[in-house]
Amino acid sequence: MLFNSKSKLFKRFNTADIIIIIIAVAIVFGLVYRFDRERSNSLLKSPDNIKISFYIESLKGASLFQKGDTVRDKDTNAVFGEIHDVILDKSIDYGVNSEGVCIVSSKPLYNSVTIVVEGKGNYSDTGAFFNNSAYYLNNNITSLAVGHMPPLTARIIKIEKL
């Protein structure tokens with residue numbers, strides 16, 4: 001017998017119970033480690049106010065973006081926040097001329113767009129977390145949903161804590 005037979009407390013537990021308790025404690029520690037491995041994504045930390053800027057090189061109909069539109073990643077359902085500012089410039093398109101040299105040009109009716117979004121997330125020196133998904137500078141988001149527009153491809157060009 002593993003336990004003292006005169007002790008009432010130990011009569012209620014057997015080896016299988018102890019093993020189950022050890023496994024449960026290990027799972028809890030594993031989950032805490034998983035979610036707390038980077039302090040910025042800690043379950044105990046309150047969200048930060050974050051400004052994140054997305055860049056689209058060439059887009060037709062960029063004037064449809066409105067301040068206050070919700071911006072999210074359609075793949076992960078992470079909500080970045082609402083549009084704070086929209087900056088339009090000439091579109092940037094790459095092509096090859098007749099001599100085979102790569103050239104940069106602009107298309108009429110198209111614009112390059114910088115979308116500045118303010119929202120809540122967890123900021124770190126390397127990027128930000130929105131809805132437990134990590135986003136870093138120069139990440140390409142292939143399904144950026146802005147308002148009711150179809151998903152777009154955009155690159156993160158700036159992340160800052162407000």
# chains A, B, ... in the order shown; residues from 1 in each chain; ligands from 1
>>> select_by_dssp(residues="chain A", states="strand (DSSP E)", output="ChimeraX atom specification")
/A:48-60,70-73,78-90,93-96,102-105,110-124,127-130,133-135,140-146,152-161
>>> write_last_selection(atoms="C-alpha atoms", output="PDB file, in the first residue's frame")
ATOM      1  CA  ASP A  48      -3.500  48.989 -25.595  1.00  0.00           C
ATOM      2  CA  ASN A  49      -4.676  51.743 -27.914  1.00  0.00           C
ATOM      3  CA  ILE A  50      -2.836  51.071 -31.172  1.00  0.00           C
ATOM      4  CA  LYS A  51      -2.495  52.950 -34.448  1.00  0.00           C
ATOM      5  CA  ILE A  52      -1.738  50.656 -37.380  1.00  0.00           C
ATOM      6  CA  SER A  53      -1.216  51.780 -40.987  1.00  0.00           C
ATOM      7  CA  PHE A  54      -1.911  49.638 -44.055  1.00  0.00           C
ATOM      8  CA  TYR A  55      -0.588  50.401 -47.543  1.00  0.00           C
ATOM      9  CA  ILE A  56      -2.140  49.410 -50.859  1.00  0.00           C
ATOM     10  CA  GLU A  57      -0.048  50.206 -53.954  1.00  0.00           C
ATOM     11  CA  SER A  58      -2.804  50.424 -56.532  1.00  0.00           C
ATOM     12  CA  LEU A  59      -6.546  50.541 -55.978  1.00  0.00           C
ATOM     13  CA  LYS A  60      -9.504  51.785 -57.986  1.00  0.00           C
ATOM     14  CA  THR A  70     -14.326  48.917 -39.355  1.00  0.00           C
ATOM     15  CA  VAL A  71     -11.134  47.217 -40.552  1.00  0.00           C
ATOM     16  CA  ARG A  72     -10.495  43.524 -39.908  1.00  0.00           C
ATOM     17  CA  ASP A  73      -8.585  40.506 -41.159  1.00  0.00           C
ATOM     18  CA  ALA A  78      -9.150  39.970 -35.947  1.00  0.00           C
ATOM     19  CA  VAL A  79     -10.639  43.462 -35.706  1.00  0.00           C
ATOM     20  CA  PHE A  80      -7.967  46.166 -36.046  1.00  0.00           C
ATOM     21  CA  GLY A  81     -10.285  49.060 -35.261  1.00  0.00           C
ATOM     22  CA  GLU A  82     -11.834  51.925 -37.188  1.00  0.00           C
ATOM     23  CA  ILE A  83     -10.401  54.101 -39.950  1.00  0.00           C
ATOM     24  CA  HIS A  84      -8.908  57.288 -38.535  1.00  0.00           C
ATOM     25  CA  ASP A  85      -7.434  58.652 -41.772  1.00  0.00           C
ATOM     26  CA  VAL A  86      -7.145  57.779 -45.475  1.00  0.00           C
ATOM     27  CA  ILE A  87      -4.184  59.127 -47.474  1.00  0.00           C
ATOM     28  CA  LEU A  88      -4.403  58.945 -51.269  1.00  0.00           C
ATOM     29  CA  ASP A  89      -1.455  59.284 -53.650  1.00  0.00           C
ATOM     30  CA  LYS A  90      -0.519  58.237 -57.206  1.00  0.00           C
ATOM     31  CA  ASP A  93       2.484  49.837 -60.789  1.00  0.00           C
ATOM     32  CA  TYR A  94       5.450  47.829 -61.961  1.00  0.00           C
ATOM     33  CA  GLY A  95       5.992  46.714 -65.517  1.00  0.00           C
ATOM     34  CA  VAL A  96       8.610  45.914 -68.132  1.00  0.00           C
ATOM     35  CA  CYS A 102      11.570  47.143 -65.074  1.00  0.00           C
ATOM     36  CA  ILE A 103       9.742  50.469 -64.792  1.00  0.00           C
ATOM     37  CA  VAL A 104       7.442  52.051 -62.236  1.00  0.00           C
ATOM     38  CA  SER A 105       4.366  53.815 -63.541  1.00  0.00           C
ATOM     39  CA  TYR A 110      -6.086  54.346 -59.543  1.00  0.00           C
ATOM     40  CA  ASN A 111      -4.495  55.479 -56.274  1.00  0.00           C
ATOM     41  CA  SER A 112      -2.049  54.199 -53.743  1.00  0.00           C
ATOM     42  CA  VAL A 113      -3.763  54.248 -50.366  1.00  0.00           C
ATOM     43  CA  THR A 114      -2.553  54.433 -46.789  1.00  0.00           C
ATOM     44  CA  ILE A 115      -5.288  53.491 -44.325  1.00  0.00           C
ATOM     45  CA  VAL A 116      -4.599  54.644 -40.763  1.00  0.00           C
ATOM     46  CA  VAL A 117      -6.587  52.631 -38.229  1.00  0.00           C
ATOM     47  CA  GLU A 118      -6.973  53.131 -34.489  1.00  0.00           C
ATOM     48  CA  GLY A 119      -8.094  50.263 -32.301  1.00  0.00           C
ATOM     49  CA  LYS A 120      -7.453  48.040 -29.307  1.00  0.00           C
ATOM     50  CA  GLY A 121      -4.835  45.303 -29.234  1.00  0.00           C
ATOM     51  CA  ASN A 122      -1.722  44.226 -27.370  1.00  0.00           C
ATOM     52  CA  TYR A 123       1.398  46.116 -28.424  1.00  0.00           C
ATOM     53  CA  SER A 124       4.955  44.776 -28.314  1.00  0.00           C
ATOM     54  CA  GLY A 127       4.418  44.050 -33.553  1.00  0.00           C
ATOM     55  CA  ALA A 128       0.909  43.806 -32.175  1.00  0.00           C
ATOM     56  CA  PHE A 129      -1.676  41.184 -31.310  1.00  0.00           C
ATOM     57  CA  PHE A 130      -5.293  41.518 -32.352  1.00  0.00           C
ATOM     58  CA  SER A 133      -3.217  36.844 -33.894  1.00  0.00           C
ATOM     59  CA  ALA A 134       0.248  38.375 -34.301  1.00  0.00           C
ATOM     60  CA  TYR A 135       0.852  41.128 -36.855  1.00  0.00           C
ATOM     61  CA  ASN A 140       0.979  41.257 -46.091  1.00  0.00           C
ATOM     62  CA  ILE A 141      -2.658  40.854 -45.149  1.00  0.00           C
ATOM     63  CA  THR A 142      -4.342  39.079 -48.048  1.00  0.00           C
ATOM     64  CA  SER A 143      -7.906  39.484 -46.855  1.00  0.00           C
ATOM     65  CA  LEU A 144      -8.197  42.939 -45.318  1.00  0.00           C
ATOM     66  CA  ALA A 145     -11.896  43.740 -44.998  1.00  0.00           C
ATOM     67  CA  VAL A 146     -12.745  47.443 -44.869  1.00  0.00           C
ATOM     68  CA  LEU A 152      -8.079  43.603 -50.233  1.00  0.00           C
ATOM     69  CA  THR A 153      -4.373  42.836 -50.046  1.00  0.00           C
ATOM     70  CA  ALA A 154      -2.442  45.365 -47.977  1.00  0.00           C
ATOM     71  CA  ARG A 155       0.932  45.635 -46.250  1.00  0.00           C
ATOM     72  CA  ILE A 156       1.437  46.834 -42.677  1.00  0.00           C
ATOM     73  CA  ILE A 157       3.774  49.828 -42.819  1.00  0.00           C
ATOM     74  CA  LYS A 158       3.501  51.235 -39.298  1.00  0.00           C
ATOM     75  CA  ILE A 159       2.433  50.059 -35.841  1.00  0.00           C
ATOM     76  CA  GLU A 160       2.512  52.381 -32.866  1.00  0.00           C
ATOM     77  CA  LYS A 161       1.131  52.535 -29.361  1.00  0.00           C
TER      78      LYS A 161
END
>>> atom_distance(atom1="CA of Val32 (chain A)", atom2="CA of Thr76 (chain A)")
21.8 Å
>>> closest_residue(among="A:Ser91, A:Asp69, A:Gly100, A:Asn77", to="His148 (chain A)", atoms="only C-alpha atoms")
A:Asp69
>>> atom_distance(atom1="CA of Phe65 (chain A)", atom2="CA of Pro150 (chain A)")
11.8 Å
